[in-house]
>>> print(open('work_22.cif').read())   # mmCIF, C-alpha atoms and all ligand atoms
data_query
#
loop_
_atom_site.label_atom_id
_atom_site.label_comp_id
_atom_site.auth_asym_id
_atom_site.auth_seq_id
_atom_site.Cartn_x
_atom_site.Cartn_y
_atom_site.Cartn_z
CA MET U 6 68.62 -8.12 -23.93
CA THR U 7 70.64 -8.88 -20.96
CA ASP U 8 74.13 -10.11 -21.08
CA GLN U 9 74.68 -12.56 -18.28
CA ASN U 10 77.63 -10.57 -17.06
CA HIS U 11 76.29 -7.09 -17.40
CA PRO U 12 73.19 -5.33 -16.34
CA GLU U 13 72.42 -4.30 -19.83
CA PRO U 14 70.91 -1.30 -21.26
CA VAL U 15 73.06 0.36 -23.76
CA ASP U 16 70.27 2.74 -24.60
CA ALA U 17 67.98 3.91 -21.92
CA PRO U 18 64.80 2.66 -23.59
CA ALA U 19 66.20 -0.83 -23.77
CA ARG U 20 67.27 -1.13 -20.23
CA PRO U 21 66.23 -4.30 -18.54
CA SER U 22 66.29 -2.92 -15.13
CA GLY U 23 62.68 -2.12 -14.58
CA ASP U 24 63.69 0.88 -12.66
CA ARG U 25 60.20 2.20 -12.50
CA THR U 26 59.53 5.31 -10.59
CA ILE U 27 56.08 6.71 -10.62
CA ASP U 28 56.49 10.38 -11.23
CA PHE U 29 53.62 12.79 -11.25
CA GLY U 30 55.89 15.23 -12.84
CA ALA U 31 57.69 17.34 -10.29
CA GLY U 32 60.49 18.42 -12.49
CA GLY U 33 60.09 15.30 -14.51
CA SER U 34 59.32 14.78 -18.12
CA ALA U 35 55.56 14.82 -17.88
CA PRO U 36 54.21 18.08 -19.21
CA PHE U 37 51.74 18.94 -16.50
CA GLY U 38 52.79 16.68 -13.79
CA GLY U 39 51.33 13.72 -15.60
CA LEU U 40 52.01 10.38 -14.09
CA SER U 41 54.87 8.92 -16.02
CA ILE U 42 57.55 6.35 -15.75
CA VAL U 43 60.94 7.83 -15.13
CA GLY U 44 63.31 5.53 -16.82
CA ASP U 45 62.20 4.11 -20.08
CA GLY U 46 62.03 0.53 -21.08
CA ALA U 47 60.76 -0.66 -17.77
CA PRO U 48 60.33 -4.38 -17.99
CA GLU U 49 57.11 -6.09 -17.31
CA ALA U 50 56.38 -5.74 -13.67
CA THR U 51 54.34 -8.49 -12.14
CA PRO U 52 51.15 -8.30 -14.18
CA LEU U 53 48.31 -6.70 -12.38
CA ALA U 54 45.34 -8.84 -11.69
CA GLY U 55 42.28 -8.28 -13.77
CA GLY U 56 44.00 -8.03 -17.12
CA PRO U 57 44.68 -4.91 -19.10
CA SER U 58 43.29 -1.57 -18.12
CA VAL U 59 40.04 -0.43 -19.58
CA ALA U 60 40.61 0.96 -23.01
CA VAL U 61 39.45 4.45 -23.76
CA ALA U 62 36.90 3.69 -26.44
CA ASP U 63 35.40 6.79 -27.91
CA GLY U 64 37.01 9.69 -26.12
CA ALA U 65 33.75 10.66 -24.39
CA PRO U 66 34.22 11.87 -20.83
CA VAL U 67 34.22 9.11 -18.24
CA GLU U 68 31.81 10.05 -15.47
CA THR U 69 31.71 8.77 -11.93
CA LYS U 70 30.60 9.69 -8.45
CA VAL U 71 34.07 8.94 -7.08
CA LEU U 72 37.13 9.60 -9.18
CA ILE U 73 40.31 8.24 -7.62
CA ILE U 74 43.70 9.38 -8.84
CA GLY U 75 46.49 7.01 -7.95
CA SER U 76 46.66 3.26 -7.54
CA GLY U 77 48.87 2.53 -4.57
CA PRO U 78 47.49 1.19 -1.29
CA ALA U 79 45.56 4.43 -0.63
CA GLY U 80 43.89 4.68 -4.04
CA LEU U 81 43.06 1.00 -4.26
CA THR U 82 41.67 0.79 -0.75
CA ALA U 83 39.54 3.85 -1.47
CA ALA U 84 38.34 2.03 -4.60
CA ILE U 85 37.44 -1.11 -2.64
CA TYR U 86 35.43 0.90 -0.13
CA ALA U 87 33.75 3.14 -2.70
CA ALA U 88 32.91 0.18 -4.92
CA ARG U 89 31.36 -1.70 -2.02
CA ALA U 90 29.25 1.38 -1.33
CA ASN U 91 27.88 1.11 -4.90
CA LEU U 92 29.56 4.33 -5.94
CA GLU U 93 31.08 2.72 -9.06
CA PRO U 94 34.46 4.41 -8.68
CA VAL U 95 36.88 5.07 -11.48
CA VAL U 96 40.61 4.88 -10.83
CA VAL U 97 43.02 6.80 -13.02
CA ALA U 98 45.89 4.55 -12.13
CA GLY U 99 48.84 5.96 -14.05
CA SER U 100 50.86 4.16 -16.67
CA ALA U 101 52.91 2.46 -13.97
CA PRO U 102 50.07 1.43 -11.69
CA GLY U 103 50.49 0.08 -8.21
CA GLY U 104 52.54 2.78 -6.55
CA GLN U 105 55.72 2.42 -4.63
CA LEU U 106 55.09 -1.13 -3.51
CA MET U 107 55.64 -2.19 -7.10
CA LEU U 108 59.27 -1.29 -6.42
CA THR U 109 59.47 -3.06 -3.11
CA SER U 110 60.77 -6.45 -2.23
CA GLU U 111 59.33 -8.36 0.63
CA ILE U 112 56.82 -6.59 2.86
CA GLU U 113 57.07 -7.96 6.35
CA ASN U 114 54.89 -5.52 8.20
CA PHE U 115 51.60 -5.64 6.34
CA PRO U 116 49.17 -7.36 8.69
CA GLY U 117 47.72 -10.63 7.51
CA PHE U 118 50.85 -11.93 5.82
CA PRO U 119 52.90 -13.60 8.55
CA GLU U 120 55.34 -15.00 6.00
CA GLY U 121 55.69 -11.64 4.24
CA ILE U 122 54.51 -10.83 0.73
CA ASP U 123 56.13 -9.24 -2.33
CA GLY U 124 55.01 -5.67 -2.95
CA PRO U 125 53.74 -6.28 -6.51
CA GLU U 126 51.82 -9.34 -5.38
CA LEU U 127 50.20 -7.36 -2.60
CA MET U 128 49.14 -4.67 -5.05
CA ASN U 129 47.77 -7.29 -7.42
CA ARG U 130 45.54 -8.45 -4.63
CA PHE U 131 44.39 -4.93 -3.79
CA ARG U 132 43.50 -4.31 -7.42
CA ALA U 133 41.74 -7.63 -7.88
CA GLN U 134 39.64 -6.85 -4.82
CA ALA U 135 38.72 -3.42 -6.19
CA GLU U 136 37.84 -4.92 -9.58
CA ARG U 137 35.73 -7.60 -7.95
CA PHE U 138 33.34 -4.91 -6.75
CA GLY U 139 33.18 -3.10 -10.06
CA THR U 140 35.94 -0.50 -10.02
CA ARG U 141 36.91 0.68 -13.50
CA PHE U 142 40.63 1.27 -14.10
CA TYR U 143 42.33 3.52 -16.60
CA ASP U 144 46.09 3.07 -16.59
CA LEU U 145 46.71 6.58 -17.83
CA ASP U 146 48.84 9.47 -16.66
CA VAL U 147 46.97 12.45 -15.28
CA ASP U 148 48.27 15.65 -16.77
CA ARG U 149 45.71 18.29 -15.79
CA VAL U 150 42.93 18.85 -13.28
CA ASP U 151 40.24 21.49 -12.91
CA LEU U 152 38.92 21.63 -9.36
CA SER U 153 37.30 25.05 -9.75
CA THR U 154 33.76 23.81 -10.29
CA ARG U 155 31.75 20.69 -9.62
CA PRO U 156 31.75 18.14 -11.03
CA PHE U 157 35.53 18.10 -11.04
CA ARG U 158 37.40 17.45 -14.26
CA VAL U 159 40.62 15.56 -14.84
CA TRP U 160 42.47 14.91 -18.06
CA ALA U 161 44.81 12.03 -18.76
CA ARG U 162 46.46 11.65 -22.13
CA GLY U 163 43.56 13.37 -23.85
CA GLN U 164 40.84 11.48 -22.01
CA GLU U 165 38.55 13.53 -19.81
CA PHE U 166 37.22 12.24 -16.50
CA VAL U 167 34.38 13.88 -14.61
CA GLY U 168 33.97 13.17 -10.91
CA GLN U 169 31.32 14.33 -8.48
CA SER U 170 34.00 13.77 -5.87
CA VAL U 171 37.73 13.19 -6.22
CA ILE U 172 40.16 11.29 -4.04
CA LEU U 173 43.77 12.28 -4.55
CA ALA U 174 46.10 9.39 -3.79
CA THR U 175 49.08 10.00 -6.01
CA GLY U 176 51.69 9.00 -3.46
CA ALA U 177 55.33 9.94 -3.55
CA SER U 178 58.31 9.10 -5.76
CA ALA U 179 61.84 7.98 -5.05
CA LEU U 180 64.50 10.66 -4.72
CA TRP U 181 67.78 10.63 -6.58
CA LEU U 182 71.14 12.10 -5.67
CA ASN U 183 70.87 14.24 -8.80
CA LEU U 184 74.45 13.79 -9.86
CA GLU U 185 74.95 14.09 -13.59
CA SER U 186 76.84 10.80 -13.58
CA GLU U 187 74.06 9.07 -11.63
CA GLN U 188 71.43 10.11 -14.16
CA ARG U 189 73.64 9.24 -17.12
CA LEU U 190 74.23 5.74 -15.77
CA ARG U 191 70.68 5.00 -14.68
CA GLY U 192 69.84 1.61 -16.08
CA ARG U 193 73.53 1.06 -16.70
CA GLY U 194 74.30 0.03 -13.18
CA VAL U 195 72.45 2.75 -11.25
CA SER U 196 68.97 1.95 -9.98
CA ALA U 197 66.36 2.92 -7.39
CA CYS U 198 64.67 -0.45 -7.38
CA ALA U 199 66.34 -3.45 -5.81
CA THR U 200 63.38 -5.68 -6.54
CA CYS U 201 63.43 -4.83 -10.21
CA ASP U 202 67.16 -4.88 -10.75
CA GLY U 203 68.76 -7.00 -8.07
CA PHE U 204 68.77 -10.05 -10.31
CA PHE U 205 71.13 -8.35 -12.73
CA PHE U 206 73.83 -8.00 -10.10
CA ARG U 207 74.40 -11.63 -9.31
CA ASP U 208 77.89 -12.14 -7.84
CA LYS U 209 78.76 -8.48 -8.24
CA GLU U 210 80.00 -5.96 -5.72
CA ILE U 211 77.48 -3.17 -5.35
CA ALA U 212 76.54 -0.23 -3.11
CA VAL U 213 73.36 1.15 -1.60
CA VAL U 214 73.02 4.82 -0.59
CA GLY U 215 70.93 5.89 2.39
CA GLY U 216 70.52 5.49 6.12
CA GLY U 217 66.79 4.81 6.47
CA ASP U 218 64.76 1.63 6.49
CA SER U 219 64.60 1.58 2.71
CA ALA U 220 68.37 1.51 2.38
CA MET U 221 68.69 -1.21 5.01
CA GLU U 222 65.96 -3.27 3.43
CA GLU U 223 67.43 -2.93 -0.04
CA ALA U 224 70.93 -3.74 1.17
CA ASN U 225 69.72 -6.90 2.86
CA TYR U 226 67.59 -7.90 -0.12
CA LEU U 227 70.47 -7.38 -2.53
CA THR U 228 72.69 -9.80 -0.63
CA ARG U 229 70.57 -12.51 -2.24
CA PHE U 230 72.31 -11.65 -5.48
CA ALA U 231 75.45 -9.60 -4.92
CA SER U 232 78.74 -10.96 -3.70
CA LYS U 233 79.02 -7.94 -1.42
CA VAL U 234 76.90 -4.90 -0.61
CA HIS U 235 78.39 -1.63 0.66
CA LEU U 236 75.95 0.58 2.53
CA LEU U 237 76.97 4.21 2.07
CA HIS U 238 75.53 6.79 4.42
CA ARG U 239 76.37 10.47 4.60
CA ARG U 240 76.56 10.65 8.40
CA ASP U 241 77.09 8.27 11.30
CA GLY U 242 73.55 8.20 12.72
CA PHE U 243 70.83 6.21 11.03
CA ARG U 244 67.14 6.93 10.61
CA ALA U 245 66.40 3.25 10.17
CA SER U 246 64.66 1.24 12.85
CA LYS U 247 66.82 -0.68 15.29
CA ILE U 248 65.75 -4.04 13.98
CA MET U 249 66.83 -3.10 10.46
CA ILE U 250 70.13 -1.65 11.64
CA ASP U 251 70.86 -4.78 13.66
CA ARG U 252 69.95 -7.00 10.73
CA THR U 253 72.20 -5.01 8.45
CA TYR U 254 75.22 -5.14 10.75
CA ALA U 255 74.63 -8.85 11.30
CA ASN U 256 74.64 -9.62 7.59
CA PRO U 257 78.14 -10.83 6.69
CA LYS U 258 77.73 -9.70 3.08
CA ILE U 259 77.08 -6.06 4.02
CA GLU U 260 79.78 -3.56 4.89
CA VAL U 261 78.52 -0.28 6.38
CA HIS U 262 80.35 2.96 5.50
CA PRO U 263 79.14 5.89 7.59
CA ASN U 264 80.16 9.47 6.74
CA THR U 265 80.45 8.50 3.10
CA VAL U 266 79.08 10.61 0.25
CA VAL U 267 78.86 9.56 -3.38
CA ALA U 268 80.66 12.30 -5.27
CA GLU U 269 80.49 10.68 -8.70
CA VAL U 270 79.41 7.49 -10.39
CA LEU U 271 82.17 6.32 -12.68
CA GLY U 272 81.86 4.52 -15.99
CA ASP U 273 81.08 5.02 -19.66
CA ALA U 274 78.74 2.42 -21.13
CA PHE U 275 78.26 0.88 -17.69
CA MET U 276 79.02 1.95 -14.20
CA ASP U 277 82.31 0.54 -13.00
CA GLY U 278 83.18 2.53 -9.91
CA LEU U 279 82.41 5.27 -7.43
CA ARG U 280 84.23 8.36 -6.32
CA LEU U 281 83.48 8.64 -2.63
CA ARG U 282 83.98 11.58 -0.31
CA ASP U 283 84.55 11.39 3.42
CA ALA U 284 81.94 13.70 4.95
CA ARG U 285 84.23 14.55 7.87
CA ASP U 286 87.42 15.65 6.17
CA GLY U 287 86.46 15.92 2.51
CA SER U 288 89.05 13.39 1.40
CA GLU U 289 88.17 11.36 -1.66
CA ARG U 290 88.83 7.87 -2.88
CA THR U 291 87.83 5.85 -5.90
CA VAL U 292 86.52 2.32 -5.55
CA PRO U 293 85.52 -0.25 -8.17
CA MET U 294 81.78 -0.95 -8.01
CA GLU U 295 79.38 -2.48 -10.50
CA GLY U 296 76.07 -1.32 -9.15
CA LEU U 297 74.56 1.54 -7.16
CA PHE U 298 71.10 1.53 -5.60
CA ILE U 299 69.71 4.84 -4.41
CA ALA U 300 67.41 4.56 -1.37
CA ILE U 301 67.27 8.07 0.07
CA GLY U 302 63.59 8.78 0.44
CA HIS U 303 60.76 10.25 -1.58
CA ARG U 304 58.96 13.37 -2.72
CA PRO U 305 55.20 13.75 -2.99
CA ASN U 306 53.52 13.65 -6.40
CA THR U 307 51.60 16.87 -6.02
CA GLU U 308 52.71 19.02 -8.94
CA VAL U 309 49.46 18.72 -10.78
CA PHE U 310 47.42 19.81 -7.74
CA ARG U 311 49.55 22.64 -6.43
CA ASP U 312 47.53 25.36 -8.13
CA TRP U 313 44.43 24.10 -6.41
CA LEU U 314 45.35 22.82 -2.99
CA GLU U 315 47.59 23.73 -0.13
CA THR U 316 50.87 21.96 0.36
CA ASP U 317 53.28 22.03 3.24
CA GLU U 318 56.88 23.19 2.95
CA GLN U 319 57.92 19.81 1.60
CA GLY U 320 55.21 19.82 -1.04
CA TYR U 321 52.87 17.34 0.63
CA LEU U 322 49.14 18.05 0.38
CA THR U 323 47.49 19.16 3.57
CA ALA U 324 44.07 17.91 4.60
CA HIS U 325 41.81 20.22 6.55
CA GLU U 326 39.34 18.03 8.31
CA HIS U 327 39.93 14.30 8.38
CA THR U 328 40.68 13.51 4.71
CA ALA U 329 38.84 16.53 3.31
CA SER U 330 40.83 19.16 1.45
CA ARG U 331 39.85 22.81 1.48
CA ILE U 332 37.78 22.14 -1.66
CA ALA U 333 34.49 20.46 -0.76
CA GLY U 334 34.31 17.12 -2.52
CA VAL U 335 38.07 16.70 -2.90
CA PHE U 336 39.67 14.24 -0.52
CA ILE U 337 43.28 13.31 0.14
CA ALA U 338 44.73 9.93 1.04
CA GLY U 339 48.08 8.28 1.56
CA ASP U 340 51.68 9.31 1.07
CA VAL U 341 50.76 12.33 -1.03
CA ALA U 342 49.91 13.95 2.29
CA ASP U 343 51.95 11.87 4.69
CA HIS U 344 55.64 12.19 5.35
CA ARG U 345 55.36 10.95 8.88
CA TYR U 346 54.18 7.35 8.58
CA ARG U 347 54.54 6.46 4.88
CA GLN U 348 53.50 2.88 5.34
CA ALA U 349 51.37 0.73 3.09
CA ILE U 350 49.04 0.01 5.97
CA THR U 351 48.62 3.67 6.92
CA ALA U 352 48.08 4.62 3.29
CA ALA U 353 45.47 1.89 2.98
CA GLY U 354 43.79 3.16 6.14
CA ASP U 355 43.77 6.65 4.67
CA GLY U 356 42.16 5.31 1.51
CA ALA U 357 39.36 3.78 3.54
CA ARG U 358 38.88 7.02 5.46
CA ALA U 359 38.79 9.08 2.27
CA ALA U 360 36.21 6.78 0.66
CA ILE U 361 34.01 6.96 3.74
CA ASP U 362 34.37 10.74 3.87
CA ALA U 363 33.60 11.00 0.15
CA GLU U 364 30.53 8.84 0.50
CA ARG U 365 29.21 10.85 3.42
CA TRP U 366 29.80 14.04 1.52
CA LEU U 367 28.03 12.69 -1.57
CA GLU U 368 25.09 11.70 0.60
CA ALA U 369 24.97 15.12 2.21
CA GLU U 370 25.01 16.70 -1.23
CA GLY U 371 22.18 14.44 -2.36
CA ILE U 372 24.40 12.86 -5.03
CA ALA U 373 24.51 9.42 -3.45
CA GLU U 374 21.82 7.64 -1.53
CA HIS U 375 22.43 6.57 2.00
CA ALA U 376 23.18 2.92 1.43
CA THR U 377 26.13 2.11 3.52
CA GLN U 378 24.60 0.30 6.41
CA THR U 379 26.48 -2.79 5.40
CA ALA U 380 28.96 -1.32 2.99
CA TRP U 381 31.83 -1.00 5.39
P1 LIG U 401 64.03 8.10 5.12
O1 LIG U 401 63.64 9.51 4.87
O2 LIG U 401 63.67 7.46 6.40
O3 LIG U 401 65.60 7.98 4.97
C1 LIG U 401 66.27 8.56 3.89
C2 LIG U 401 67.76 8.38 4.10
O4 LIG U 401 68.43 8.83 2.94
C3 LIG U 401 68.28 9.14 5.28
O5 LIG U 401 69.21 8.37 5.99
C4 LIG U 401 68.94 10.35 4.64
O6 LIG U 401 70.08 10.79 5.32
C5 LIG U 401 69.39 9.80 3.32
N1 LIG U 401 69.45 10.85 2.31
C6 LIG U 401 68.48 11.70 1.95
N2 LIG U 401 68.88 12.51 0.96
C7 LIG U 401 70.14 12.16 0.70
C8 LIG U 401 71.10 12.63 -0.23
N3 LIG U 401 70.84 13.60 -1.10
N4 LIG U 401 72.31 12.03 -0.22
C9 LIG U 401 72.58 11.01 0.63
N5 LIG U 401 71.72 10.53 1.52
C10 LIG U 401 70.50 11.09 1.55
O7 LIG U 401 63.44 7.29 3.88
P2 LIG U 401 63.20 5.73 3.72
O8 LIG U 401 62.77 5.60 2.31
O9 LIG U 401 64.34 4.94 4.16
O10 LIG U 401 61.97 5.40 4.69
C11 LIG U 401 60.75 6.10 4.54
C12 LIG U 401 59.71 5.53 5.52
O11 LIG U 401 59.33 4.20 5.14
C13 LIG U 401 60.25 5.41 6.93
O12 LIG U 401 59.22 5.73 7.83
C14 LIG U 401 60.59 3.95 7.07
O13 LIG U 401 60.52 3.48 8.39
C15 LIG U 401 59.55 3.29 6.18
N6 LIG U 401 60.03 2.01 5.64
C16 LIG U 401 59.76 0.85 6.34
C17 LIG U 401 60.22 -0.36 5.89
C18 LIG U 401 59.89 -1.59 6.68
O14 LIG U 401 59.22 -1.50 7.69
N7 LIG U 401 60.34 -2.75 6.28
C19 LIG U 401 61.01 -0.49 4.66
C20 LIG U 401 61.28 0.78 4.03
C21 LIG U 401 60.80 1.97 4.51
P3 LIG U 401 69.98 11.61 6.71
O15 LIG U 401 69.56 10.60 7.71
O16 LIG U 401 71.34 12.13 6.90
O17 LIG U 401 68.97 12.66 6.48
#
>>> encode(input="work_22.cif", output="structure tokens", more="lines below")
Ligand code: NDP
Amino acid sequence: MTDQNHPEPVDAPARPSGDRTIDFGAGGSAPFGGLSIVGDGAPEATPLAGGPSVAVADGAPVETKVLIIGSGPAGLTAAIYAARANLEPVVVAGSAPGGQLMLTSEIENFPGFPEGIDGPELMNRFRAQAERFGTRFYDLDVDRVDLSTRPFRVWARGQEFVGQSVILATGASALWLNLESEQRLRGRGVSACATCDGFFFRDKEIAVVGGGDSAMEEANYLTRFASKVHLLHRRDGFRASKIMIDRTYANPKIEVHPNTVVAEVLGDAFMDGLRLRDARDGSERTVPMEGLFIAIGHRPNTEVFRDWLETDEQGYLTAHEHTASRIAGVFIAGDVADHRYRQAITAAGDGARAAIDAERWLEAEGIAEHATQTAW
């Protein structure tokens, strides 16, 4: 439980922070790159529309024409399109469904929401729309795939899924600094999710690491709670967009510290300070600090597919023609293949493209009837 004065968790599993990071296993705890939550004891995120996931009843393989792995904007948009084409898609959504937007505060750039919308709420709506047209969801972690023969086979926590086509939409996960002290104090003051954990830092002095839009957005969001937010960036140029930089500098509760590297997170039961290094001269100083939010980018969740599909040097899947992978019948959508745009709207667009490509392929293979005159 949460002490009013401390962002709790004494033990990792009990942490209140909800620091949920979808992790398809790259170096994580999942055995085969299975989708898992990094950081135990995640609190209830905003409940997803449509109630609990479909239970796995008898262990028999779940068969579908379109098997979608991942439940962020790409996977759910693919589901909406495939469902409306009567392809009865199945989504293996992971045990922390909804993707990165579940960790996001207000989304201001998703068209159709002029007032902005919370990430979890947006994903609730995506999922409700997919369910409305008959998509079946399994909130399970994928741990193995076999793309060698058709139909393709996927396993998630012992349940087998069989898909005539597969859409891979597993997204990307937040990066960490990978300091021993950072990992030890995760959930004890260190977080990668301002939306989940900001509330616990009311009237506290905290820091955000990063120089991109995520860091700026999180810093601004956290000023709703914190008495002061220090933005720490390792150099003096920012990747963030001008509007976010301007907003950050204009916020009286944010102090920007360029050329500043986190050398160590200090604290025993809870974080209570930072050892900072000046990137220019290497000098160090220690500052009291009660919270640290890491917002330094993402890595693609592709571990489980790497034996089957090509990746680029950063590990992102590469599509060959439109959304098609080099394996006929396997399609790719969203951030799992995109380190350029990485937007909810572009991922959603990718999901639509992948569903259309999958349907056309199924038709060409004689697996699905041509019935999409009005589907799109
Ligand atoms: P970015 O890759 O854009 O930025 C990551 C930042 O973290 C960089 O400043 C980088 O520093 C820094 N960084 C990376 N690794 C480390 C490390 N080990 N130690 C310290 N600092 C590190 O990622 P974002 O998540 O910010 O943004 C991703 C995409 O999402 C962007 O396209 C962005 O525009 C978009 N986005 C849009 C939003 C909006 O429109 N409201 C909100 C959030 C994201 P360096 O610059 O030195 O490499």
>>> residues_near_ligand(input="work_22.cif", ligand="ligand LIG 401 (chain U)", cutoff="7 Å", atoms="only C-alpha atoms and all ligand atoms", output="PyMOL selection string")
chain U and resi 112-114+181-182+214-220+222+238-240+242-246+266+300-303+345-348
>>> atom_distance(input="work_22.cif", atom1="CA of Ser100 (chain U)", atom2="CA of Val309 (chain U)")
15.8 Å
>>> closest_residue(input="work_22.cif", among="U:Arg130, U:Ile172, U:Phe298, U:Asp148", to="Val213 (chain U)", atoms="all atoms listed in the file")
U:Phe298
>>> closest_residue(input="work_22.cif", among="U:Gln169, U:Thr351, U:Leu184, U:Glu136", to="Gly371 (chain U)", atoms="all atoms listed in the file")
U:Gln169
>>> closest_residue(input="work_22.cif", among="U:Leu314, U:Ala359, U:Leu322, U:Ala133", to="Ser153 (chain U)", atoms="only C-alpha atoms")
U:Leu314
>>> atom_distance(input="work_22.cif", atom1="CA of Arg365 (chain U)", atom2="CA of Ile73 (chain U)")
15.9 Å
>>> atom_distance(input="work_22.cif", atom1="CA of Met107 (chain U)", atom2="CA of Gly278 (chain U)")
28.1 Å
>>> axis_aligned_box(input="work_22.cif", around="region 327-346 of chain U", padding_each_side="8 Å", output="AutoDock Vina command-line options")
--center_x 45.0 --center_y 15.1 --center_z 3.0 --size_x 37.3 --size_y 31.5 --size_z 27.8
>>> residues_around(input="work_22.cif", residues="Leu190 (chain U)", least_positions_apart="3", cutoff="8 Å", atoms="all atoms listed in the file", output="CSV table (one decimal) with C-alpha atoms, in the coordinates of the input")
chain,number,residue,atom,x,y,z
U,186,SER,CA,76.8,10.8,-13.6
U,187,GLU,CA,74.1,9.1,-11.6
U,193,ARG,CA,73.5,1.1,-16.7
U,194,GLY,CA,74.3,0.0,-13.2
U,195,VAL,CA,72.4,2.8,-11.2
U,270,VAL,CA,79.4,7.5,-10.4
U,272,GLY,CA,81.9,4.5,-16.0
U,273,ASP,CA,81.1,5.0,-19.7
U,274,ALA,CA,78.7,2.4,-21.1
U,275,PHE,CA,78.3,0.9,-17.7
U,276,MET,CA,79.0,2.0,-14.2
>>> residues_near_point(input="work_22.cif", point="(32.2, 12.5, -19.7)", cutoff="7 Å", atoms="all atoms listed in the file", output="MDAnalysis selection string")
chainID U and resid 65:68 165:167
>>> residues_around(input="work_22.cif", residues="Arg162 (chain U)", least_positions_apart="6", cutoff="9 Å", atoms="all atoms listed in the file", output="list in words")
Gly39, Leu145, Asp146, Val147 and Asp148 of chain U
>>> closest_residue(input="work_22.cif", among="U:Gly296, U:Pro116, U:Gly77, U:Pro94", to="Glu364 (chain U)", atoms="only C-alpha atoms")
U:Pro94
>>> closest_atom_pairs(input="work_22.cif", of="region 110-195 of chain U", to="region 329-334 of chain U", cutoff="10 Å", atoms="all atoms listed in the file", output="tab-separated table")
residue	atom	partner	partner_atom	distance
U:Leu152	CA	U:Ile332	CA	7.8
U:Ser153	CA	U:Ile332	CA	8.6
U:Thr154	CA	U:Ile332	CA	9.7
U:Arg155	CA	U:Gly334	CA	8.3
U:Pro156	CA	U:Gly334	CA	8.9
U:Phe157	CA	U:Gly334	CA	8.7
U:Gly168	CA	U:Gly334	CA	9.3
U:Gln169	CA	U:Gly334	CA	7.2
U:Ser170	CA	U:Gly334	CA	4.7
U:Val171	CA	U:Gly334	CA	6.4
U:Ile172	CA	U:Gly334	CA	8.4
U:Leu173	CA	U:Ser330	CA	9.6
>>> build_atoms(input="work_22.cif", residues="region 253-265 of chain U", atoms="N, CA and C atoms", output="CSV table (one decimal), keeping the file's coordinate frame")
chain,number,residue,atom,x,y,z
U,253,THR,N,71.2,-5.4,9.4
U,253,THR,CA,72.2,-5.0,8.4
U,253,THR,C,73.6,-5.3,9.0
U,254,TYR,N,73.9,-4.9,10.2
U,254,TYR,CA,75.2,-5.1,10.8
U,254,TYR,C,75.5,-6.6,10.9
U,255,ALA,N,74.4,-7.4,11.1
U,255,ALA,CA,74.6,-8.8,11.3
U,255,ALA,C,74.8,-9.6,10.0
U,256,ASN,N,74.5,-8.9,8.9
U,256,ASN,CA,74.6,-9.6,7.6
U,256,ASN,C,76.1,-9.6,7.1
U,257,PRO,N,76.7,-10.8,7.0
U,257,PRO,CA,78.1,-10.8,6.7
U,257,PRO,C,78.5,-10.3,5.3
U,258,LYS,N,77.5,-10.2,4.4
U,258,LYS,CA,77.7,-9.7,3.1
U,258,LYS,C,77.6,-8.2,3.0
U,259,ILE,N,77.2,-7.5,4.1
U,259,ILE,CA,77.1,-6.1,4.0
U,259,ILE,C,78.2,-5.4,4.8
U,260,GLU,N,78.8,-4.4,4.2
U,260,GLU,CA,79.8,-3.6,4.9
U,260,GLU,C,79.2,-2.1,5.0
U,261,VAL,N,79.1,-1.6,6.2
U,261,VAL,CA,78.5,-0.3,6.4
U,261,VAL,C,79.6,0.8,6.4
U,262,HIS,N,79.4,1.9,5.6
U,262,HIS,CA,80.4,3.0,5.5
U,262,HIS,C,79.7,4.3,5.9
U,263,PRO,N,79.7,4.6,7.2
U,263,PRO,CA,79.1,5.9,7.6
U,263,PRO,C,80.0,7.1,7.1
U,264,ASN,N,79.4,8.2,7.1
U,264,ASN,CA,80.2,9.5,6.7
U,264,ASN,C,80.7,9.4,5.3
U,265,THR,N,80.0,8.7,4.5
U,265,THR,CA,80.4,8.5,3.1
U,265,THR,C,79.4,9.0,2.1
